[in-house]
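Worksheet: the structure to be examined is printed underneath.
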Amino acid sequence: MRRWYVIAAPYIWLLLFFLIPFFIVFKLSLSDMARAMPPYVPVFDMSGLANFFSQLDFENYTFLLSDPLYINAYTSSLKIAAVATMFTLLVGYPIAYGMARAPREWRPTLMMLVILPFWTSFLIRVYAWIGILKKEGLLNLFLMNYGIISEPLNIMNTTTAVYIGIVYSYLPFMILPLYSSLEKISPALNEAAEDLGSPPWRAFWQVTFPLSMPGVIAGCLLVFIPATGEFVIPDLLGGSETLMIGKTLWSEFFNNSDWPVSSAVAVVLLLALVVPIVVFQRMQQREREAV
Amino acid sequence: MSEFASPPATATGAAPPRSGPRSFAPQSGFSPWKDPSQAPIVRFDNVTKQFGDFVAVKSCTLDIYEREFFALLGPSGCGKSTLLRMLAGFEQPTDGRIMVQGKDITALPPYERSDVNMMFQSYALFPHMTVESNIGFGLRQEGMPKGEIAARVEEAMAMVELKPFAKRKPNQLSGGQQQRVALARAIAKKPRIMLLDEPLGALDKKLRQQAQFELMRIQESTGTTFIIVTHDQEEAMTVASRIAVMDKGNIIQVATPNDIYEAPKSRYVAGFIGDVNVLEGKVSGITDGVIDIEGAVSGCHYKTRSNEPVSIGQQVWLAIRPEKVRITHDKPQSAINVVNGKVDDVGYLGSISHYHVKIGNGQRVTALRANTAMTVGPPISWEDDVWMDWPTEAGIILTS
């Protein structure tokens, strides 16, 4: 009996805080906008259940398809997230590799340093980048002071700033899974590869990299998924040309008060991300089976 | 298999024709180390390796000859693995040179030491590759044509009977099979020198004995020089043509298994290989190559034949192997090398029995007796008063 409680706990949690809210959002996405409180119809009503369902339709979804703004926002979000994930991988891999090959007694400290930024609010850290990237910010001051550039770089309020923000903010999510898979790879494997005639860089591509693949995939998904729906970073660092679905959703919800359409945007976003999540889980399962 | 059987001629070009394969018997005609015209295939020239303050290997000089099955033997931390890893190229000597076929390879990285391949203690199999592609890995690095690789992999798999497992991943294999993959992977490269770092350490005893004979068979059929690191003295005695006994970074003695056992140079070597009784004493006389020793245990006098240069009054130790000590209830007729004591412990091992006898001063002497039907007299038991003796040829004089 007690075991049943233990197993049930996470499912009840998921039901209460994921599945029920999701169905509410899904229902909203099938409703129509109204100048009322709440700003949509129909409102759930026990007496006329048939009438309630007959008023629901997929109109909002067809609307999403008809306006290129939404499609552009989705593709642009996926593109920005993909490119940012690539850069995060490029920056994170050497760091994780260095950590995994560092003397054992240093590793907890290095790990600590990677997690340390989490002790400061995410919002504040993104705000801090404004101070660095803006026209009269730290970066431009530094570069101009040393005569590296004569004109200030225009990074703030561009997509570049969004990339910088995402790479910076999500780097720990890339490093940690990479580190944990790299640390498991025995240095003896590299020695064996070298002994068999493979120079270090080739040994890396033939042995280390393929074996770190579970970490690469986990890290990429942990960055890609939240980056796709990211709102704070494009809102604070991006400019008008940076089109991301999180911002679109926000303005639909708060500026237009169109709850049904913004709910439809959210549902489509979720579906777009379910695919990589399923891939991620498949990979994890395969890794578990391999052990 | 035919390709493996003919090693290329040595770089010196002066390899004399060999008179057939050597037998596994420790004393056979194969002894290139005694032949001054032979050039060693591997030479450690005054090699020292330090890790910080710790000296892992202390100015070691060692020659290993072609077709030898050479064992580096010692307790863990004695520097034997470091010596091997320096030959493979994973560690750089702090001082000294390593030569292979007369060429100084000290500065070469491991991937440029094509004469040398290593089998790792942990096997270090690539977990993401099948047995086949693990074995072919080294050949692919050479840029060998695909057909040739397949043929060589096939050949190596046949040698260690791995063919049915070609498509499996290492984690789908048993420990013994993994060990064979590791061996095949190194042997597929056809190195002149094969390094084995505790290759059988992870196997159980029965499998280990089987694997030892397999290693010897492969070493024999390929004509490769094998250098094995082991802490298992029995393993070293079984497989090796010569053994280097190491302790704390020093090579204590290099000799054939037979010489190591019968003529150890120090108490350390005598004690490390097999069981031994060590009796302390002082030299009291030397006549015609027979040395008289006044034992530290009162009333004990020993005589032993030895060429060891000793002087009268010098402290020495007499080492006697237990199987050379005869144990009886009755006092033996001969008067030399006779000691009297009480049986302290009897170890019955089936085919043989060990008798631990106290002879005074806390000194114990172990005698070993085969349990044959011919054993006469009543059985020897605890607390029995017994006599032990050994011939003058049995004792070995040790000065350190």
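By convention in this document, the chains of the structure tokens carry letters A, B, ... by their order, each chain's residues are numbered from 1, and ligands are numbered from 1 in the order they are shown.
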
With only C-alpha atoms considered, list every residue of chain A at most 12 Å from chain B, as a PyMOL selection string.
chain A and resi 184-203+206-214+287+289-291

Would you please give, as a PyMOL selection string, all residues of segment 47-252 of chain B that DSSP assigns to alpha helix (DSSP H) based on the backbone?
chain B and resi 80-88+131-141+146-159+175-187+205-222+233-239

Have a look at atom CA of Ala56 of chain B and atom CA of Leu398 of chain B and let me know their distance in Å, one decimal.
26.2 Å

Residue neighbourhood Gln219 of chain B, 8 Å, only C-alpha atoms, exclusion window fewer than 6 positions, as a list in words:
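Those residues are Arg67, Phe69, Thr225 and Phe226 of chain B.
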
Those same residues - all heavy atoms - I'd like them written as a PDB file, in the first residue's frame.
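Output contents, as saved in out-v4.pdb:
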```pdb
ATOM      1  N   ARG B  67      62.632 -12.580 -29.514  1.00  0.00           N
ATOM      2  CA  ARG B  67      61.947 -13.842 -29.263  1.00  0.00           C
ATOM      3  C   ARG B  67      61.919 -14.235 -27.794  1.00  0.00           C
ATOM      4  O   ARG B  67      61.487 -15.314 -27.440  1.00  0.00           O
ATOM      5  CB  ARG B  67      62.565 -14.994 -30.066  1.00  0.00           C
ATOM      6  CG  ARG B  67      62.182 -14.913 -31.521  1.00  0.00           C
ATOM      7  CD  ARG B  67      62.895 -15.986 -32.315  1.00  0.00           C
ATOM      8  NE  ARG B  67      62.258 -16.106 -33.606  1.00  0.00           N
ATOM      9  CZ  ARG B  67      61.483 -17.131 -33.951  1.00  0.00           C
ATOM     10  NH1 ARG B  67      61.274 -18.120 -33.136  1.00  0.00           N
ATOM     11  NH2 ARG B  67      60.930 -17.157 -35.144  1.00  0.00           N
ATOM     12  N   PHE B  69      60.499 -14.227 -24.013  1.00  0.00           N
ATOM     13  CA  PHE B  69      59.278 -13.972 -23.263  1.00  0.00           C
ATOM     14  C   PHE B  69      59.778 -13.479 -21.917  1.00  0.00           C
ATOM     15  O   PHE B  69      60.175 -14.258 -21.063  1.00  0.00           O
ATOM     16  CB  PHE B  69      58.443 -15.247 -23.117  1.00  0.00           C
ATOM     17  CG  PHE B  69      56.993 -14.976 -22.820  1.00  0.00           C
ATOM     18  CD1 PHE B  69      56.000 -15.702 -23.465  1.00  0.00           C
ATOM     19  CD2 PHE B  69      56.619 -14.005 -21.911  1.00  0.00           C
ATOM     20  CE1 PHE B  69      54.655 -15.458 -23.205  1.00  0.00           C
ATOM     21  CE2 PHE B  69      55.286 -13.753 -21.646  1.00  0.00           C
ATOM     22  CZ  PHE B  69      54.299 -14.486 -22.295  1.00  0.00           C
ATOM     23  N   THR B 225      58.681 -10.815 -29.635  1.00  0.00           N
ATOM     24  CA  THR B 225      59.257 -10.655 -28.306  1.00  0.00           C
ATOM     25  C   THR B 225      58.147 -10.192 -27.369  1.00  0.00           C
ATOM     26  O   THR B 225      57.496  -9.190 -27.641  1.00  0.00           O
ATOM     27  CB  THR B 225      60.378  -9.598 -28.344  1.00  0.00           C
ATOM     28  OG1 THR B 225      61.288  -9.948 -29.378  1.00  0.00           O
ATOM     29  CG2 THR B 225      61.075  -9.500 -27.016  1.00  0.00           C
ATOM     30  N   PHE B 226      57.911 -10.938 -26.307  1.00  0.00           N
ATOM     31  CA  PHE B 226      56.863 -10.572 -25.354  1.00  0.00           C
ATOM     32  C   PHE B 226      57.521 -10.037 -24.082  1.00  0.00           C
ATOM     33  O   PHE B 226      58.465 -10.638 -23.575  1.00  0.00           O
ATOM     34  CB  PHE B 226      56.005 -11.792 -24.972  1.00  0.00           C
ATOM     35  CG  PHE B 226      54.837 -12.040 -25.890  1.00  0.00           C
ATOM     36  CD1 PHE B 226      54.941 -11.843 -27.252  1.00  0.00           C
ATOM     37  CD2 PHE B 226      53.628 -12.500 -25.375  1.00  0.00           C
ATOM     38  CE1 PHE B 226      53.859 -12.093 -28.094  1.00  0.00           C
ATOM     39  CE2 PHE B 226      52.545 -12.752 -26.216  1.00  0.00           C
ATOM     40  CZ  PHE B 226      52.659 -12.556 -27.570  1.00  0.00           C
TER      41      PHE B 226
END
```

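Using only C-alpha atoms, the shortest contact distance between Ser77 of chain A and any of A:Thr242, A:Thr160, A:Ser251, A:Gln285 is found at A:Thr242.
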
Write out as a PyMOL selection string each polymer residue whose atoms come within 12 Å of Gly98 of chain A, counting only C-alpha atoms; drop sequence neighbours fewer than 5 positions from it.
chain A and resi 91-93+103-104+106-107+110-111+175+178-179+182-183

Write the residues of the preceding selection, restricted to all heavy atoms, as a tab-separated table (two decimals), in the first residue's frame.
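In the end it all went to selection03.tsv:
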```tsv
chain	number	residue	atom	x	y	z
A	91	VAL	N	31.83	26.09	-27.17
A	91	VAL	CA	32.47	26.68	-26.00
A	91	VAL	C	32.52	25.67	-24.86
A	91	VAL	O	33.52	25.54	-24.15
A	91	VAL	CB	31.72	27.96	-25.55
A	91	VAL	CG1	32.33	28.52	-24.27
A	91	VAL	CG2	31.75	29.01	-26.64
A	92	GLY	N	31.42	24.91	-24.71
A	92	GLY	CA	31.29	24.03	-23.55
A	92	GLY	C	32.15	22.78	-23.63
A	92	GLY	O	32.65	22.32	-22.61
A	93	TYR	N	32.35	22.24	-24.85
A	93	TYR	CA	33.08	20.98	-24.96
A	93	TYR	C	34.51	21.07	-24.44
A	93	TYR	O	34.91	20.25	-23.60
A	93	TYR	CB	33.05	20.46	-26.40
A	93	TYR	CG	33.28	18.98	-26.50
A	93	TYR	CD1	32.23	18.09	-26.74
A	93	TYR	CD2	34.55	18.44	-26.30
A	93	TYR	CE1	32.44	16.72	-26.80
A	93	TYR	CE2	34.77	17.07	-26.36
A	93	TYR	CZ	33.71	16.22	-26.61
A	93	TYR	OH	33.92	14.88	-26.66
A	103	PRO	N	43.28	17.12	-12.70
A	103	PRO	CA	43.55	16.26	-11.55
A	103	PRO	C	42.29	16.07	-10.71
A	103	PRO	O	41.51	17.01	-10.54
A	103	PRO	CB	44.61	17.03	-10.76
A	103	PRO	CG	45.26	17.91	-11.76
A	103	PRO	CD	44.22	18.23	-12.79
A	104	ARG	N	42.10	14.86	-10.23
A	104	ARG	CA	40.87	14.49	-9.54
A	104	ARG	C	40.50	15.47	-8.43
A	104	ARG	O	39.33	15.81	-8.25
A	104	ARG	CB	41.03	13.08	-8.96
A	104	ARG	CG	39.75	12.41	-8.57
A	104	ARG	CD	39.97	10.93	-8.39
A	104	ARG	NE	40.13	10.24	-9.67
A	104	ARG	CZ	39.12	9.87	-10.43
A	104	ARG	NH1	37.88	10.12	-10.05
A	104	ARG	NH2	39.33	9.24	-11.57
A	106	TRP	N	40.97	18.60	-8.21
A	106	TRP	CA	40.50	19.91	-8.67
A	106	TRP	C	39.04	19.87	-9.12
A	106	TRP	O	38.38	20.90	-9.20
A	106	TRP	CB	41.31	20.39	-9.87
A	106	TRP	CG	42.73	20.74	-9.57
A	106	TRP	CD1	43.43	20.48	-8.41
A	106	TRP	CD2	43.64	21.41	-10.45
A	106	TRP	NE1	44.71	20.93	-8.54
A	106	TRP	CE2	44.87	21.51	-9.78
A	106	TRP	CE3	43.51	21.93	-11.74
A	106	TRP	CZ2	45.98	22.10	-10.36
A	106	TRP	CZ3	44.62	22.51	-12.32
A	106	TRP	CH2	45.84	22.60	-11.63
A	107	ARG	N	38.59	18.70	-9.49
A	107	ARG	CA	37.31	18.61	-10.20
A	107	ARG	C	36.13	19.18	-9.44
A	107	ARG	O	35.33	19.91	-10.04
A	107	ARG	CB	37.04	17.15	-10.61
A	107	ARG	CG	38.00	16.70	-11.69
A	107	ARG	CD	37.70	15.31	-12.14
A	107	ARG	NE	38.88	14.70	-12.76
A	107	ARG	CZ	38.98	13.42	-13.03
A	107	ARG	NH1	37.99	12.61	-12.76
A	107	ARG	NH2	40.07	12.95	-13.58
A	110	LEU	N	36.22	22.92	-9.84
A	110	LEU	CA	35.87	23.35	-11.19
A	110	LEU	C	34.36	23.24	-11.42
A	110	LEU	O	33.74	24.13	-12.00
A	110	LEU	CB	36.62	22.49	-12.22
A	110	LEU	CG	38.14	22.70	-12.24
A	110	LEU	CD1	38.81	21.64	-13.11
A	110	LEU	CD2	38.49	24.08	-12.73
A	111	MET	N	33.80	22.14	-10.90
A	111	MET	CA	32.36	21.94	-10.99
A	111	MET	C	31.62	23.08	-10.30
A	111	MET	O	30.66	23.64	-10.82
A	111	MET	CB	32.03	20.61	-10.31
A	111	MET	CG	30.57	20.27	-10.32
A	111	MET	SD	30.10	19.54	-11.86
A	111	MET	CE	30.14	17.84	-11.40
A	175	ILE	N	27.72	22.06	-20.16
A	175	ILE	CA	28.95	21.52	-19.57
A	175	ILE	C	28.67	20.30	-18.69
A	175	ILE	O	29.38	19.30	-18.77
A	175	ILE	CB	29.70	22.61	-18.78
A	175	ILE	CG1	30.25	23.66	-19.74
A	175	ILE	CG2	30.83	22.01	-17.95
A	175	ILE	CD1	30.91	24.84	-19.05
A	178	LEU	N	28.04	17.00	-20.52
A	178	LEU	CA	29.26	16.67	-21.26
A	178	LEU	C	30.33	16.16	-20.31
A	178	LEU	O	30.97	15.14	-20.55
A	178	LEU	CB	29.79	17.91	-21.97
A	178	LEU	CG	29.20	18.24	-23.33
A	178	LEU	CD1	29.80	19.54	-23.85
A	178	LEU	CD2	29.47	17.11	-24.31
A	179	TYR	N	30.47	16.87	-19.20
A	179	TYR	CA	31.49	16.48	-18.22
A	179	TYR	C	31.22	15.08	-17.70
A	179	TYR	O	32.13	14.26	-17.61
A	179	TYR	CB	31.50	17.50	-17.07
A	179	TYR	CG	32.28	17.05	-15.86
A	179	TYR	CD1	33.68	17.06	-15.88
A	179	TYR	CD2	31.65	16.60	-14.72
A	179	TYR	CE1	34.41	16.65	-14.80
A	179	TYR	CE2	32.37	16.19	-13.62
A	179	TYR	CZ	33.75	16.21	-13.66
A	179	TYR	OH	34.46	15.78	-12.58
A	182	LEU	N	32.17	12.59	-20.34
A	182	LEU	CA	33.61	12.57	-20.63
A	182	LEU	C	34.40	11.96	-19.48
A	182	LEU	O	35.39	11.28	-19.68
A	182	LEU	CB	34.12	14.00	-20.90
A	182	LEU	CG	33.81	14.56	-22.28
A	182	LEU	CD1	34.11	16.04	-22.33
A	182	LEU	CD2	34.60	13.83	-23.35
A	183	GLU	N	33.90	12.23	-18.25
A	183	GLU	CA	34.63	11.72	-17.10
A	183	GLU	C	34.62	10.20	-17.05
A	183	GLU	O	35.53	9.58	-16.51
A	183	GLU	CB	33.99	12.29	-15.82
A	183	GLU	CG	34.92	12.26	-14.63
A	183	GLU	CD	34.15	12.21	-13.33
A	183	GLU	OE1	32.93	11.95	-13.37
A	183	GLU	OE2	34.77	12.40	-12.28
```

Would you compute the distance between atom CA of Ile218 of chain B and atom CA of Glu161 of chain B? Give it in Å to one decimal.
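Rounded to one decimal, the two atoms are 12.0 Å apart.
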
Can you check which residues of segment 31-128 of chain A DSSP gives as strand (DSSP E or B) on the backbone and send them as a ChimeraX atom specification?
/A:32-33,40-41

Would you write out those residues with N, CA, C and O atoms, as a PDB file, in the first residue's frame?
```pdb
ATOM      1  N   ASP A  32     -12.882  31.285 -28.326  1.00  0.00           N
ATOM      2  CA  ASP A  32     -12.866  32.549 -29.076  1.00  0.00           C
ATOM      3  C   ASP A  32     -12.586  33.688 -28.124  1.00  0.00           C
ATOM      4  O   ASP A  32     -12.962  33.660 -26.953  1.00  0.00           O
ATOM      5  N   MET A  33     -11.917  34.725 -28.657  1.00  0.00           N
ATOM      6  CA  MET A  33     -11.607  35.892 -27.848  1.00  0.00           C
ATOM      7  C   MET A  33     -12.896  36.657 -27.547  1.00  0.00           C
ATOM      8  O   MET A  33     -13.817  36.679 -28.357  1.00  0.00           O
ATOM      9  N   TYR A  40     -12.434  35.337 -22.834  1.00  0.00           N
ATOM     10  CA  TYR A  40     -12.664  34.320 -23.846  1.00  0.00           C
ATOM     11  C   TYR A  40     -14.011  33.668 -23.598  1.00  0.00           C
ATOM     12  O   TYR A  40     -14.550  33.711 -22.494  1.00  0.00           O
ATOM     13  N   VAL A  41     -14.594  33.103 -24.655  1.00  0.00           N
ATOM     14  CA  VAL A  41     -15.796  32.273 -24.549  1.00  0.00           C
ATOM     15  C   VAL A  41     -15.528  30.971 -25.283  1.00  0.00           C
ATOM     16  O   VAL A  41     -14.683  30.950 -26.185  1.00  0.00           O
TER      17      VAL A  41
END
```

I'd like the contact shell of Pro234 of chain A - 12 Å cut-off, only C-alpha atoms, skipping same-chain residues fewer than 2 positions apart - returned as a PyMOL selection string.
chain A and resi 76-77+80-81+126-127+130+156-166+227-232+236-248+250

Under the rule that only C-alpha atoms are counted, which of B:Pro322, B:Pro332, B:Pro40, B:Gly281 is the nearest residue to His354 of chain B?
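Closest residue, counting only C-alpha atoms: B:Pro322.
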
Just the number, please: distance in Å from atom CA of Ile149 of chain A to atom CA of Ala84 of chain A, one decimal.
25.6 Å

Which polymer residues have any atom within 9 Å of an atom of His356 of chain B, counting only C-alpha atoms, with same-chain residues fewer than 4 positions away left out, as number ranges by chain?
B: 342-347, 364-368

Let's have the selection written as a PDB file, in the first residue's frame, with all heavy atoms.
```
ATOM      1  N   LYS B 342      60.307 -28.987  17.144  1.00  0.00           N
ATOM      2  CA  LYS B 342      58.959 -29.490  17.422  1.00  0.00           C
ATOM      3  C   LYS B 342      58.017 -29.023  16.317  1.00  0.00           C
ATOM      4  O   LYS B 342      58.073 -27.863  15.904  1.00  0.00           O
ATOM      5  CB  LYS B 342      58.479 -28.900  18.760  1.00  0.00           C
ATOM      6  CG  LYS B 342      58.394 -29.913  19.876  1.00  0.00           C
ATOM      7  CD  LYS B 342      57.564 -29.373  21.023  1.00  0.00           C
ATOM      8  CE  LYS B 342      57.360 -30.430  22.080  1.00  0.00           C
ATOM      9  NZ  LYS B 342      58.578 -30.777  22.809  1.00  0.00           N
ATOM     10  N   VAL B 343      57.159 -29.928  15.871  1.00  0.00           N
ATOM     11  CA  VAL B 343      56.218 -29.560  14.804  1.00  0.00           C
ATOM     12  C   VAL B 343      55.197 -28.566  15.361  1.00  0.00           C
ATOM     13  O   VAL B 343      54.553 -28.824  16.372  1.00  0.00           O
ATOM     14  CB  VAL B 343      55.502 -30.802  14.237  1.00  0.00           C
ATOM     15  CG1 VAL B 343      54.458 -30.387  13.201  1.00  0.00           C
ATOM     16  CG2 VAL B 343      56.507 -31.757  13.635  1.00  0.00           C
ATOM     17  N   ASP B 344      55.107 -27.438  14.690  1.00  0.00           N
ATOM     18  CA  ASP B 344      54.246 -26.355  15.139  1.00  0.00           C
ATOM     19  C   ASP B 344      52.915 -26.387  14.391  1.00  0.00           C
ATOM     20  O   ASP B 344      51.870 -26.077  14.909  1.00  0.00           O
ATOM     21  CB  ASP B 344      54.977 -25.033  14.863  1.00  0.00           C
ATOM     22  CG  ASP B 344      54.387 -23.894  15.639  1.00  0.00           C
ATOM     23  OD1 ASP B 344      53.949 -24.132  16.778  1.00  0.00           O
ATOM     24  OD2 ASP B 344      54.357 -22.775  15.095  1.00  0.00           O
ATOM     25  N   ASP B 345      53.011 -26.759  13.144  1.00  0.00           N
ATOM     26  CA  ASP B 345      51.829 -26.686  12.291  1.00  0.00           C
ATOM     27  C   ASP B 345      52.012 -27.641  11.118  1.00  0.00           C
ATOM     28  O   ASP B 345      53.135 -27.818  10.632  1.00  0.00           O
ATOM     29  CB  ASP B 345      51.682 -25.254  11.761  1.00  0.00           C
ATOM     30  CG  ASP B 345      50.227 -24.917  11.506  1.00  0.00           C
ATOM     31  OD1 ASP B 345      49.383 -25.832  11.572  1.00  0.00           O
ATOM     32  OD2 ASP B 345      49.942 -23.735  11.247  1.00  0.00           O
ATOM     33  N   VAL B 346      50.912 -28.239  10.709  1.00  0.00           N
ATOM     34  CA  VAL B 346      50.958 -29.119   9.543  1.00  0.00           C
ATOM     35  C   VAL B 346      49.927 -28.622   8.548  1.00  0.00           C
ATOM     36  O   VAL B 346      48.778 -28.375   8.907  1.00  0.00           O
ATOM     37  CB  VAL B 346      50.634 -30.585   9.934  1.00  0.00           C
ATOM     38  CG1 VAL B 346      50.675 -31.485   8.712  1.00  0.00           C
ATOM     39  CG2 VAL B 346      51.583 -31.081  11.000  1.00  0.00           C
ATOM     40  N   GLY B 347      50.372 -28.430   7.322  1.00  0.00           N
ATOM     41  CA  GLY B 347      49.437 -28.014   6.276  1.00  0.00           C
ATOM     42  C   GLY B 347      49.284 -29.145   5.274  1.00  0.00           C
ATOM     43  O   GLY B 347      50.226 -29.488   4.568  1.00  0.00           O
ATOM     44  N   ARG B 364      61.549 -20.691  12.581  1.00  0.00           N
ATOM     45  CA  ARG B 364      60.765 -21.814  12.065  1.00  0.00           C
ATOM     46  C   ARG B 364      61.354 -22.294  10.757  1.00  0.00           C
ATOM     47  O   ARG B 364      61.811 -21.501   9.953  1.00  0.00           O
ATOM     48  CB  ARG B 364      59.303 -21.398  11.848  1.00  0.00           C
ATOM     49  CG  ARG B 364      58.503 -21.512  13.120  1.00  0.00           C
ATOM     50  CD  ARG B 364      57.224 -20.716  13.147  1.00  0.00           C
ATOM     51  NE  ARG B 364      56.435 -20.753  11.942  1.00  0.00           N
ATOM     52  CZ  ARG B 364      55.153 -21.152  11.903  1.00  0.00           C
ATOM     53  NH1 ARG B 364      54.562 -21.587  12.996  1.00  0.00           N
ATOM     54  NH2 ARG B 364      54.470 -21.090  10.790  1.00  0.00           N
ATOM     55  N   VAL B 365      61.337 -23.589  10.569  1.00  0.00           N
ATOM     56  CA  VAL B 365      61.804 -24.156   9.307  1.00  0.00           C
ATOM     57  C   VAL B 365      60.663 -24.957   8.711  1.00  0.00           C
ATOM     58  O   VAL B 365      59.979 -25.698   9.423  1.00  0.00           O
ATOM     59  CB  VAL B 365      63.041 -25.060   9.534  1.00  0.00           C
ATOM     60  CG1 VAL B 365      63.415 -25.780   8.240  1.00  0.00           C
ATOM     61  CG2 VAL B 365      64.217 -24.243  10.036  1.00  0.00           C
ATOM     62  N   THR B 366      60.452 -24.760   7.438  1.00  0.00           N
ATOM     63  CA  THR B 366      59.373 -25.481   6.767  1.00  0.00           C
ATOM     64  C   THR B 366      59.952 -26.602   5.918  1.00  0.00           C
ATOM     65  O   THR B 366      60.936 -26.395   5.205  1.00  0.00           O
ATOM     66  CB  THR B 366      58.571 -24.524   5.873  1.00  0.00           C
ATOM     67  OG1 THR B 366      58.077 -23.468   6.691  1.00  0.00           O
ATOM     68  CG2 THR B 366      57.405 -25.218   5.209  1.00  0.00           C
ATOM     69  N   ALA B 367      59.360 -27.762   6.069  1.00  0.00           N
ATOM     70  CA  ALA B 367      59.737 -28.884   5.213  1.00  0.00           C
ATOM     71  C   ALA B 367      58.512 -29.294   4.424  1.00  0.00           C
ATOM     72  O   ALA B 367      57.385 -29.116   4.873  1.00  0.00           O
ATOM     73  CB  ALA B 367      60.236 -30.047   6.052  1.00  0.00           C
ATOM     74  N   LEU B 368      58.761 -29.850   3.256  1.00  0.00           N
ATOM     75  CA  LEU B 368      57.663 -30.205   2.381  1.00  0.00           C
ATOM     76  C   LEU B 368      57.818 -31.675   2.034  1.00  0.00           C
ATOM     77  O   LEU B 368      58.919 -32.130   1.733  1.00  0.00           O
ATOM     78  CB  LEU B 368      57.828 -29.350   1.130  1.00  0.00           C
ATOM     79  CG  LEU B 368      56.610 -28.974   0.342  1.00  0.00           C
ATOM     80  CD1 LEU B 368      56.833 -27.592  -0.206  1.00  0.00           C
ATOM     81  CD2 LEU B 368      56.436 -29.958  -0.763  1.00  0.00           C
TER      82      LEU B 368
END
```

Report as a short mmCIF file (atom, residue, chain, number, x, y, z; two decimals) with N, CA, C and O atoms, in the first residue's frame all protein, DNA and RNA residues lying within 6 Å of Asp95 of chain B, evaluated on only C-alpha atoms, omitting residues in the same chain fewer than 2 positions from it.
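Saved result, selection_21.cif, follows:
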```cif
data_model
loop_
_atom_site.label_atom_id
_atom_site.label_comp_id
_atom_site.auth_asym_id
_atom_site.auth_seq_id
_atom_site.Cartn_x
_atom_site.Cartn_y
_atom_site.Cartn_z
N VAL B 47 67.88 4.05 -17.20
CA VAL B 47 66.62 4.77 -17.22
C VAL B 47 66.12 5.06 -15.81
O VAL B 47 66.06 4.18 -14.96
N THR B 48 65.79 6.33 -15.59
CA THR B 48 65.22 6.77 -14.31
C THR B 48 63.90 7.46 -14.59
O THR B 48 63.78 8.17 -15.58
N PRO B 93 61.07 9.00 -19.78
CA PRO B 93 62.06 8.83 -18.71
C PRO B 93 62.58 10.19 -18.25
O PRO B 93 62.71 11.11 -19.05
#
```

Find the residue from B:Gln209, B:Asp204, B:Glu155, B:Ile359 that sits nearest to Thr222 of chain B; use only C-alpha atoms when measuring.
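Once distances to Thr222 of chain B are computed over only C-alpha atoms, the minimum belongs to B:Glu155.
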